[in-house]
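Scroll down for the structure; my scribbles are underneath it.
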Amino acid sequence: MKLINTIIAEAIAIFIDDGAFALAIVACLLLVAALVRFVPDAAPLGGLALFIGLAGILVESATRRARKTRW
Amino acid sequence: MILAIHWSHAAPAMTAAFLASLVEFVEALTVVLAVGGVRGWRGALTGAAAALGVLLALVAVFGPALALAPLAWARLAVGTLLLLFGMRWLRKAILRSAGVIPLHDEESAFATETEVMRKAGAVGRGFDHIAFAAAFKITVLEGVEVVFIVIAVGAGGVGLMVPAAIAALGALLTVVALGLVVHRPLARVPENTLKFIVGVLLTAFGSFWLGEGIGVAWPGEDWSILGLIAGFMIAALACVQVCARSAGHKGAVA
């Protein structure tokens with residue numbers, strides 16, 4: 001039973017190990033989905049918005065973690 | 001079916017599946033070698049084989065089930081999970097490349113697992129359940145990530161399941177062959193570089209498929225994937241430099 005619980009916990013951890021990082025990704029997805037759904041003619045801009053949002057989250061999260069190490 | 005595959009999807013998908021599987025199977029091999037070396041090969045190999053059976057069953061059950069779902073919904077779900085998975089890998093690879101967190105060390109992992117197995121009690125005459133459980137657990141844990149990648153790649157693109165599965169199987173056979181030859185942990189495999197590349201590929205795939213699922217109109221359609229790969233690679237490499245400076249190190253992808 002302990003082995004199965006460990007495997008399930010690890011299976012969840014392959015998607016989420018930093019809650020704030022995962023939450024920011026999901027928030028970005030929802031924002032872009034809303035943009036594409038509700039703003040007229042925004043579909044071609046959606047891809048750019050998605051890329052900029054996700055790259056920004058990645059850079060911000062990694063940089064914040066690096067700063068913590070320094071201080 | 002193979003002829004119908006769009007190579008802008010298939011080539012990066014097979015590369016991602018092969019490299020990700022290589023990294024995961026190398027990590028599993030390290031533990032199986034430690035378990036076998038200390039407690040005997042019967043329990044270790046039986047545990048690893050049983051785990052591979054479980055992983056194959058997962059692919060056989062979930063792969064076709066996801067393929068039955070409407071493509072838009074499958075891409076939405078798979079794209080979200082791929083993004084969470086790929087960006088987590090990429091973030092960790094960036095931090096390791098920048099020297100913020102230590103690189104994964106197979107020799108050290110082998111030494112640790114060897115010590116754990118020695119302390120786990122004397123090896124009896126019968127079947128060694130400790131060896132079986134240790135080998136089973138590590139192979140399932142590392143293999144679940146491979147299964148996810150194969151299923152996700154297969155569900156996101158039409159006809160991609162078979163090429164992704166073949167690539168993963170190729171990685172498994174490569175690692176097993178190398179393990180049989182060198183009989184030591186494969187410490188010289190550049191794990192972090194591979195994780196960095198796979199992280200970029202999966203993040204690009206996840207973005208593309210999720211975008212398709214929410215109604216984004218990609219310029220150049222399928223060829224946008226290559227643009228996303230280039231974009232995320234540039235952003236990640238720049239991020240390594242920024243993180244290295246923030247942490248006071250000189251960054252280099254290792």
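Following the order of the structure tokens, chains are lettered A, B, ..., residues in each are numbered from 1, and ligands are numbered from 1.
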Considering only C-alpha atoms, extract the chain B residues located within 8 Å of chain A and return them as a VMD selection string. chain B and resid 80 to 81 83 to 85 87 to 88 91 94 to 95 100 137 140 to 141 144 to 145 207 to 208 211 214 to 219 228 232 235 to 236 239 242 to 244 246 to 248
Quick one: DSSP helix (DSSP H, G or I) residues in segment 61-225 of chain B, as a VMD selection string? chain B and resid 61 to 68 71 to 97 106 to 119 129 to 156 161 to 182 191 to 214 221 to 225
Determine, counting only C-alpha atoms, which protein, DNA and RNA residues have an atom within 7 Å of an atom of segment 33-46 of chain B; residues of the same chain fewer than 6 positions away are not included. Present the result as a ChimeraX atom specification. /B:110,113-114,117-118,123,127-129,131-132,135
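Distances from B:Thr139, B:Thr203, B:Thr174, B:Gln241 to Ala98 of chain B were compared using only C-alpha atoms, and the smallest one belongs to B:Gln241.
What separates atom CA of Val150 of chain B from atom CA of Leu56 of chain B is a distance of 10.8 Å.
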Can you pull out every residue within 10 Å of Ile225 of chain B, counting only C-alpha atoms, but drop anything in the same chain fewer than 6 positions away, and send it as a PyMOL selection string? chain B and resi 8-9+12+201+204-209+218+231
Would you mind exporting C-alpha atoms of the selected residues as a PDB file, in the first residue's frame?
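Wrote it out as selection20.pdb, contents follow:
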ATOM      1  CA  SER B   8       6.960  18.987 -38.246  1.00  0.00           C
ATOM      2  CA  HIS B   9       5.185  17.022 -35.469  1.00  0.00           C
ATOM      3  CA  PRO B  12      10.360  16.649 -32.608  1.00  0.00           C
ATOM      4  CA  LEU B 201      10.364  20.397 -27.064  1.00  0.00           C
ATOM      5  CA  ALA B 204       6.594  23.932 -27.488  1.00  0.00           C
ATOM      6  CA  PHE B 205       4.302  20.946 -28.158  1.00  0.00           C
ATOM      7  CA  GLY B 206       2.152  21.743 -25.138  1.00  0.00           C
ATOM      8  CA  SER B 207       1.792  25.393 -26.193  1.00  0.00           C
ATOM      9  CA  PHE B 208       0.871  24.447 -29.749  1.00  0.00           C
ATOM     10  CA  TRP B 209      -1.705  21.800 -28.884  1.00  0.00           C
ATOM     11  CA  TRP B 218      -1.225  29.727 -35.467  1.00  0.00           C
ATOM     12  CA  GLY B 231      11.533  30.788 -29.234  1.00  0.00           C
TER      13      GLY B 231
END
Leaving out Leu66 of chain B and any residue of its chain fewer than 5 positions from it, which residues lie within 12 Å of it when counting only C-alpha atoms, given as a ChimeraX atom specification? /B:58-61,71-78,148,150-158,161
